[in-house]
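For reference, work_16.txt is printed below; it contains compact mmCIF, C-alpha atoms and all ligand atoms.
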```
# COMPACT_ATOMS: atom_id res chain seq x y z
CA MET A 13 1.85 1.55 19.20
CA ASN A 14 -0.02 0.65 16.06
CA LYS A 15 -1.14 -2.91 16.76
CA ASN A 16 -1.80 -4.78 13.62
CA PRO A 17 -2.81 -8.42 13.28
CA THR A 18 -1.11 -8.71 9.87
CA ARG A 19 2.22 -7.86 11.53
CA THR A 20 3.30 -5.86 8.51
CA LEU A 21 4.09 -2.64 10.34
CA GLY A 22 7.79 -2.92 9.45
CA ILE A 23 6.99 -3.05 5.73
CA GLU A 24 4.57 -0.14 6.02
CA LYS A 25 7.16 1.94 7.88
CA LYS A 26 9.83 1.35 5.26
CA TRP A 27 7.42 2.21 2.45
CA LYS A 28 6.45 5.44 4.24
CA ALA A 29 10.10 6.25 4.89
CA GLN A 30 10.70 6.09 1.12
CA PHE A 31 7.99 8.68 0.61
CA ASN A 32 9.51 10.88 3.32
CA VAL A 33 12.89 10.85 1.61
CA ARG A 34 11.48 11.42 -1.87
CA TYR A 35 9.15 14.28 -1.02
CA ARG A 36 11.90 15.92 1.06
CA LYS A 37 14.11 15.90 -2.03
CA LEU A 38 11.29 17.38 -4.08
CA LYS A 39 10.84 20.21 -1.56
CA GLY A 40 14.57 20.85 -1.62
CA ALA A 41 14.49 21.20 -5.40
CA ILE A 42 11.52 23.60 -5.21
CA ASN A 43 13.28 25.73 -2.59
CA ARG A 44 16.43 25.90 -4.70
CA TYR A 45 14.38 26.88 -7.75
CA PHE A 46 12.85 29.88 -6.03
CA LEU A 47 15.63 30.91 -3.69
CA GLU A 48 18.70 30.31 -5.84
CA ALA A 49 17.98 29.76 -9.51
CA VAL A 50 15.07 32.08 -10.10
CA PRO A 51 16.38 35.33 -8.55
CA ILE A 52 19.36 35.11 -10.86
CA LEU A 53 16.93 35.17 -13.76
CA ASN A 54 15.23 38.19 -12.19
CA PHE A 55 12.01 36.17 -11.98
CA GLU A 56 10.69 38.30 -9.12
CA PHE A 57 10.28 41.33 -11.32
CA ASN A 58 9.04 39.36 -14.28
CA TYR A 59 6.07 37.37 -13.04
CA SER A 60 4.46 36.20 -16.18
CA ASP A 61 2.70 33.31 -17.88
CA LYS A 62 6.07 32.27 -19.21
CA ALA A 63 7.51 32.06 -15.71
CA ILE A 64 4.55 29.95 -14.61
CA THR A 65 4.83 27.63 -17.59
CA GLU A 66 8.53 27.21 -16.91
CA PHE A 67 7.93 26.37 -13.27
CA VAL A 68 5.19 23.85 -14.10
CA ALA A 69 7.56 22.11 -16.52
CA PHE A 70 10.30 22.14 -13.89
CA LEU A 71 7.93 20.71 -11.26
CA ASP A 72 6.73 18.00 -13.60
CA SER A 73 10.24 16.84 -14.36
CA GLU A 74 11.26 16.95 -10.67
CA ILE A 75 8.25 14.82 -9.68
CA LYS A 76 9.11 12.29 -12.38
CA ASP A 77 12.67 12.19 -11.13
CA LYS A 78 12.32 12.34 -7.33
CA ILE A 79 9.08 10.40 -6.83
CA TYR A 80 9.07 8.05 -9.83
CA ASP A 81 12.79 7.61 -10.64
CA ASN A 82 11.67 8.39 -14.21
CA ILE A 83 9.99 4.98 -14.35
CA THR A 84 6.83 4.88 -16.46
CA ASP A 85 6.29 1.11 -16.41
CA PRO A 86 4.24 0.23 -13.30
CA GLN A 87 5.77 -3.26 -13.30
CA MET A 88 9.23 -1.80 -12.74
CA PHE A 89 8.31 0.70 -10.04
CA TRP A 90 10.13 0.93 -6.67
CA GLN A 91 7.05 0.61 -4.45
CA ASN A 92 6.42 -2.88 -5.88
CA GLU A 93 9.06 -4.12 -3.46
CA TYR A 94 6.79 -3.32 -0.51
CA LEU A 95 3.68 -4.68 -2.20
CA ASN A 96 5.53 -7.88 -3.00
CA ARG A 97 6.77 -8.29 0.58
CA THR A 98 3.41 -7.75 2.24
CA TYR A 99 1.55 -9.87 -0.33
CA THR A 100 4.07 -12.68 0.21
CA ARG A 101 3.57 -12.47 3.94
CA GLY A 102 -0.19 -12.78 3.44
CA VAL A 103 0.34 -15.85 1.24
CA ASN A 104 2.69 -17.54 3.68
CA GLN A 105 0.54 -16.81 6.70
CA ALA A 106 -2.56 -18.19 4.93
CA ASN A 107 -0.58 -21.31 4.21
CA VAL A 108 0.47 -21.67 7.83
CA ASN A 109 -3.12 -21.10 8.99
CA ILE A 110 -4.55 -23.66 6.58
CA LYS A 111 -1.92 -26.27 7.45
CA LYS A 112 -2.55 -25.75 11.15
CA ALA A 113 -6.31 -26.10 10.87
CA TYR A 114 -6.53 -28.75 8.13
CA LYS A 115 -8.04 -32.00 9.40
CA GLY A 116 -6.94 -34.24 6.53
CA ASP A 117 -3.59 -35.94 6.00
CA LEU A 118 -1.03 -33.25 5.26
CA ASP A 119 1.43 -35.80 3.86
CA THR A 120 -0.88 -36.39 0.95
CA VAL A 121 -1.25 -32.76 0.01
CA ASN A 122 1.39 -30.29 -1.01
CA LEU A 123 0.54 -26.76 0.03
CA ARG A 124 2.69 -24.44 -1.97
CA GLY A 125 2.93 -21.12 -0.22
CA GLY A 126 6.31 -20.26 -1.67
CA ALA A 127 5.16 -19.93 -5.27
CA ILE A 128 5.43 -16.18 -5.40
CA PRO A 129 6.96 -14.29 -8.31
CA SER A 130 10.32 -12.85 -7.45
CA LEU A 131 10.47 -9.13 -7.91
CA SER A 132 13.52 -8.94 -10.11
CA THR A 133 12.41 -11.38 -12.77
CA GLY A 134 8.63 -11.38 -12.44
CA VAL A 135 8.84 -15.13 -13.00
CA ILE A 136 6.87 -17.43 -10.77
CA SER A 137 8.73 -20.34 -9.24
CA PRO A 138 8.09 -23.36 -11.43
CA VAL A 139 6.68 -26.07 -9.15
CA GLY A 140 3.05 -26.66 -10.09
CA SER A 141 2.20 -23.01 -10.00
CA THR A 142 -1.04 -21.66 -11.43
CA GLY A 143 0.27 -18.13 -11.81
CA ILE A 144 -2.48 -16.72 -9.63
CA HIS A 145 0.06 -14.81 -7.53
CA LEU A 146 1.83 -13.38 -10.55
CA ASP A 147 -1.44 -12.06 -11.97
CA ALA A 148 -2.46 -10.60 -8.63
CA LEU A 149 0.86 -8.85 -8.11
CA GLN A 150 0.82 -7.33 -11.58
CA ILE A 151 -2.62 -5.92 -10.90
CA LEU A 152 -1.50 -4.57 -7.52
CA TYR A 153 1.58 -2.92 -9.04
CA THR A 154 -0.47 -1.19 -11.73
CA ARG A 155 -3.24 -0.17 -9.37
CA ASP A 156 -0.92 1.40 -6.79
CA TYR A 157 1.19 3.13 -9.44
CA SER A 158 -1.92 4.85 -10.78
CA GLU A 159 -3.16 5.60 -7.25
CA LEU A 160 0.12 7.41 -6.68
CA GLN A 161 -0.23 9.22 -9.99
CA GLY A 162 -3.65 10.42 -8.87
CA ILE A 163 -2.03 11.84 -5.74
CA THR A 164 0.87 13.60 -7.47
CA ASN A 165 -1.47 14.98 -10.17
CA GLU A 166 -3.69 16.50 -7.51
CA MET A 167 -0.61 17.91 -5.78
CA SER A 168 0.56 19.52 -9.05
CA ARG A 169 -2.89 20.97 -9.66
CA GLN A 170 -2.95 22.60 -6.24
CA ILE A 171 0.61 23.86 -6.65
CA ALA A 172 -0.29 25.49 -9.98
CA ARG A 173 -3.19 27.22 -8.25
CA GLU A 174 -0.92 28.49 -5.43
CA LEU A 175 1.48 29.76 -8.04
CA SER A 176 -1.06 31.74 -10.06
CA GLN A 177 -2.61 33.13 -6.88
CA GLY A 178 0.86 34.13 -5.73
CA VAL A 179 1.53 35.85 -9.02
CA GLU A 180 -1.75 37.76 -8.84
CA LEU A 181 -1.08 38.86 -5.27
CA GLY A 182 2.62 39.61 -5.85
CA THR A 183 3.69 37.13 -3.17
CA GLY A 184 7.46 37.11 -2.48
CA LEU A 185 9.49 34.16 -3.71
CA LYS A 186 10.30 32.80 -0.27
CA ASP A 187 6.62 32.87 0.68
CA LEU A 188 5.65 31.29 -2.59
CA ALA A 189 8.12 28.43 -2.13
CA ALA A 190 6.70 27.84 1.38
CA ARG A 191 3.11 27.77 0.09
CA ILE A 192 4.03 25.35 -2.66
CA ASN A 193 5.92 23.08 -0.28
CA ASP A 194 2.92 23.11 2.03
CA ARG A 195 0.96 21.45 -0.82
CA VAL A 196 3.78 18.92 -1.23
CA ASP A 197 3.40 17.98 2.45
CA LYS A 198 -0.36 18.15 2.84
CA ILE A 199 -1.33 16.55 -0.45
CA GLY A 200 1.66 14.66 -1.84
CA LEU A 201 3.37 13.28 1.25
CA SER A 202 0.39 12.78 3.52
CA ARG A 203 -1.79 11.05 0.92
CA SER A 204 1.11 8.90 -0.25
CA LYS A 205 1.72 7.71 3.31
CA LEU A 206 -1.95 6.93 3.68
CA LEU A 207 -1.74 4.92 0.47
CA ALA A 208 1.23 2.96 1.84
CA GLN A 209 -0.60 2.28 5.10
CA THR A 210 -3.85 1.12 3.51
CA GLU A 211 -2.28 -0.86 0.68
CA THR A 212 0.17 -2.71 2.94
CA ILE A 213 -2.81 -4.29 4.69
CA ARG A 214 -4.88 -4.74 1.56
CA ALA A 215 -2.11 -6.49 -0.38
CA TYR A 216 -1.49 -8.81 2.60
CA ASN A 217 -5.16 -9.78 2.63
CA ILE A 218 -5.28 -10.30 -1.14
CA GLY A 219 -2.30 -12.64 -0.73
CA ALA A 220 -4.23 -14.58 1.91
CA LEU A 221 -7.35 -14.75 -0.29
CA ASN A 222 -5.44 -15.99 -3.32
CA GLU A 223 -3.44 -18.57 -1.42
CA GLY A 224 -6.66 -19.78 0.19
CA GLN A 225 -8.20 -20.20 -3.23
CA GLN A 226 -5.14 -22.02 -4.52
CA ASP A 227 -5.10 -24.35 -1.51
CA GLU A 228 -8.79 -25.18 -1.93
CA GLU A 229 -7.97 -27.30 -4.94
CA ILE A 230 -5.25 -29.14 -3.05
CA ILE A 231 -7.12 -29.92 0.16
CA GLY A 232 -10.34 -30.50 -1.74
CA GLU A 233 -12.54 -28.28 0.34
CA LYS A 234 -13.66 -24.71 0.66
CA VAL A 235 -11.55 -22.15 2.51
CA LEU A 236 -13.24 -19.39 4.49
CA TYR A 237 -11.69 -16.24 5.93
CA GLU A 238 -11.96 -15.22 9.52
CA TRP A 239 -11.97 -11.49 10.16
CA SER A 240 -9.47 -10.41 12.80
CA THR A 241 -9.23 -6.86 14.13
CA ALA A 242 -6.41 -5.18 16.02
CA GLY A 243 -8.67 -5.28 19.05
CA ASP A 244 -7.93 -1.75 20.24
CA ASP A 245 -10.12 1.34 20.49
CA ARG A 246 -9.11 2.53 17.03
CA VAL A 247 -10.98 -0.32 15.34
CA ARG A 248 -14.11 1.07 13.71
CA ASP A 249 -17.38 -0.32 15.09
CA SER A 250 -18.41 -1.93 11.81
CA HIS A 251 -15.13 -3.91 11.75
CA ARG A 252 -15.33 -4.85 15.43
CA ALA A 253 -18.70 -6.42 14.63
CA ARG A 254 -16.95 -8.65 12.05
CA ASP A 255 -14.27 -9.87 14.47
CA GLY A 256 -14.16 -13.67 14.65
CA LYS A 257 -16.71 -14.11 11.86
CA PHE A 258 -15.97 -16.27 8.81
CA TYR A 259 -16.55 -14.94 5.29
CA GLU A 260 -16.56 -16.42 1.81
CA ARG A 261 -13.84 -15.25 -0.55
CA GLU A 262 -15.96 -12.80 -2.59
CA THR A 263 -17.49 -11.22 0.49
CA ALA A 264 -14.12 -10.94 2.23
CA TYR A 265 -12.63 -9.34 -0.89
CA SER A 266 -15.36 -6.72 -0.93
CA LEU A 267 -14.78 -5.86 2.73
CA ILE A 268 -10.99 -5.26 2.70
CA GLY A 269 -9.10 -2.14 1.65
CA GLU A 270 -10.86 0.58 3.61
CA ILE A 271 -8.62 3.52 4.43
CA ARG A 272 -6.45 2.89 7.53
CA CYS A 273 -8.06 -0.53 8.12
CA ARG A 274 -5.63 -2.86 9.94
CA CYS A 275 -7.81 -5.97 9.96
CA ALA A 276 -6.44 -9.32 8.79
CA LEU A 277 -8.09 -12.29 7.09
CA ILE A 278 -7.26 -15.71 8.52
CA ALA A 279 -7.67 -18.43 5.89
CA THR A 280 -9.39 -21.46 7.40
CA PRO A 281 -10.57 -24.76 5.83
CA GLU A 282 -14.34 -25.00 6.17
CA SER A 283 -14.22 -28.38 7.96
CA ALA A 284 -12.05 -26.87 10.68
CA ILE A 285 -14.56 -24.23 11.65
CA THR A 286 -15.91 -25.60 14.90
CA PRO A 287 -16.78 -23.80 18.13
CA GLN A 288 -13.46 -25.06 19.53
CA VAL A 289 -11.49 -23.47 16.69
CA LYS A 290 -13.32 -20.22 17.14
CA LYS A 291 -12.37 -20.23 20.82
CA GLU A 292 -8.72 -21.03 20.10
CA ASN A 293 -8.52 -18.29 17.49
CA THR A 294 -9.89 -15.74 19.89
CA LYS A 295 -7.38 -16.82 22.54
CA GLU A 296 -4.45 -16.60 20.15
CA ARG A 297 -5.55 -13.22 18.92
CA LYS A 298 -5.72 -11.85 22.44
CA LYS A 299 -2.20 -13.15 23.03
CA LEU A 300 -0.92 -11.45 19.86
CA GLN A 301 -2.60 -8.20 20.75
CA LYS A 302 -0.68 -8.11 24.02
CA LEU A 303 2.70 -8.26 22.25
ZN ZN A 401 -10.55 -2.82 9.83
```

Will you turn the file into structure tokens for me?
Ligand SMILES: [Zn+2]
Amino acid sequence: MNKNPTRTLGIEKKWKAQFNVRYRKLKGAINRYFLEAVPILNFEFNYSDKAITEFVAFLDSEIKDKIYDNITDPQMFWQNEYLNRTYTRGVNQANVNIKKAYKGDLDTVNLRGGAIPSLSTGVISPVGSTGIHLDALQILYTRDYSELQGITNEMSRQIARELSQGVELGTGLKDLAARINDRVDKIGLSRSKLLAQTETIRAYNIGALNEGQQDEEIIGEKVLYEWSTAGDDRVRDSHRARDGKFYERETAYSLIGEIRCRCALIATPESAITPQVKKENTKERKKLQKL
């Protein structure tokens, strides 16, 4: 079981499942191209630059369709749904953590938490919002759209190489389709799933950092971020060494987002950071890790 202190595994799984479905459809289209459409055109006996160019154009349009739904605006892209969900969870959890630890009078402050742009409209809910979450989400959407483009571009490049090698060696069509689909799996699908895994955690933590910053103004004191690992033997040593330590926003931001990292940031008002709080946090974390 992939223990994960952000508790976003469900979101990550759904995001990955989307990639599974989409790349499976892409492979199906590639198989049909070689095994059904192309033999009719007598492609096998006419390996040529023209045939390669035609396939590359076909592949390009299938990727746009199956992976991107022909969407070219990063703000309208399907994976934003998962980024929005995990970011929102990070915001809400930071809010809960700050409320729980805050020593001042909570009746006199109004922690927002819910001021997150809805996905359909991109409009932030109106109550006293600074728009920090809207800005952050737009950046996340664009960043992860271009990360995915980097992945599918590399996949296409490797496919084109398989194709020209296949042509040079006179590889049969069935073999060629298998080699191409191997690149779809090993480059396209596997790197996309890694992106989903890493970015689910990163977006959660960015949500926590931004909500912490927003709440600083309201509670009138600095918010720090406690590093929390999954506590199992898959945690890298450098991250285990951070467990239970408190970081300033900029430092915390620079530490998140490593590939496959599952660590969470726990937003905490500075005045609440006492030895007692540290002990309580450790206890609660151990409890969570047993779930
Ligand atoms: Zn980590």

Neighbours of ligand ZN 401 (chain A) at 7 Å or closer, counting all atoms listed in the file: which residues, as a CSV table (one decimal) with C-alpha atoms, in the frame of the given file?
```csv
chain,number,residue,atom,x,y,z
A,241,THR,CA,-9.2,-6.9,14.1
A,247,VAL,CA,-11.0,-0.3,15.3
A,248,ARG,CA,-14.1,1.1,13.7
A,251,HIS,CA,-15.1,-3.9,11.8
A,273,CYS,CA,-8.1,-0.5,8.1
A,274,ARG,CA,-5.6,-2.9,9.9
A,275,CYS,CA,-7.8,-6.0,10.0
```

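When CA of Lys37 (chain A) is paired with CA of Ile192 (chain A), their separation reads 13.8 Å.
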
Quiz prompt | Counting all atoms listed in the file, the option among A:Gly22, A:Gly184, A:Gly232, A:Gly102 closest to Ala276 (chain A) | solution =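 Comparing A:Gly22, A:Gly184, A:Gly232, A:Gly102 against Ala276 (chain A), the winner is A:Gly102.
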
Quiz item: Which residues, written as an NGL selection string, have at least one atom at most 12 Å from Thr84 (chain A), with all atoms listed in the file counted and residues fewer than 4 positions away on the same chain left out?
Solution: :A and (76-77 or 79-80 or 88-90 or 153-154 or 157-158 or 161)

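Those residues that approach Thr263 (chain A) to within 12 Å, counting all atoms listed in the file, are A:Leu221, A:Leu236, A:Tyr237, A:Glu238, A:Trp239, A:Arg254, A:Lys257, A:Phe258, A:Tyr259, A:Glu260, A:Arg261, A:Tyr265, A:Ser266, A:Leu267, A:Ile268, A:Leu277; same-chain residues fewer than 2 positions away are not listed.
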
Quiz item: Is there a way to get, as a PyMOL selection string, all residues within 12 Å of the point (-1.6, -0.1, 1.2) in file coordinates, counting all atoms listed in the file?
Solution: chain A and resi 20-21+23-25+27-28+91-92+94-99+152-153+155-157+159-160+203-218+268-274

Quiz prompt | Given all atoms listed in the file as the counted atoms, nearest of A:Ala284, A:Leu201, A:Leu71, A:Ile83 to Gln30 (chain A) | solution =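 Using all atoms listed in the file, Gln30 (chain A) sits closest to A:Leu201.
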
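Closest approach to Ile285 (chain A) from the set A:Ile163, A:Asp72, A:Ile110, A:Ala253 is made by A:Ile110, with distances taken over only C-alpha atoms.
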
Calculate, to one decimal in Å, the centre and edge lengths of the box along x, y and z of the file that holds all listed atoms of region 211-217 of chain A with 5 Å of margin on each side, and present them as JSON.
```
{"center_x": -2.5, "center_y": -5.3, "center_z": 2.2, "size_x": 15.3, "size_y": 18.9, "size_z": 15.1}
```

Quiz item: How many Å lie between CA of Asp147 (chain A) and CA of Ala29 (chain A), rounded to one decimal?
Solution: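 Answer for the CA of Asp147 (chain A) to CA of Ala29 (chain A) separation: 27.4 Å.
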
Quiz prompt | Interatomic distance (Å, one decimal) between CA of Val103 (chain A) and CA of Gly243 (chain A) | solution =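 Computing it gives 22.6 Å between the two atoms.
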
Practice problem: Compare A:Asn82, A:Thr286, A:Thr65, A:Ser240 by their minimum atom-to-atom distance to Thr18 (chain A), counting only C-alpha atoms, and give me the closest one. | Solution: A:Ser240

Quiz item: Restricting the calculation to all atoms listed in the file, which member of A:Glu223, A:Glu74, A:Asp85, A:Glu174 is positioned closest to Thr100 (chain A)?
Solution: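 For Thr100 (chain A), the nearest of the given residues is A:Glu223.
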
Exercise. Name the closest residue to Lys78 (chain A) among the candidates A:Lys111, A:Asn32, A:Asp61, A:Glu93; distances are taken between atoms, counting all atoms listed in the file.
Key: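 The shortest atom-to-atom distance to Lys78 (chain A) comes from A:Asn32.
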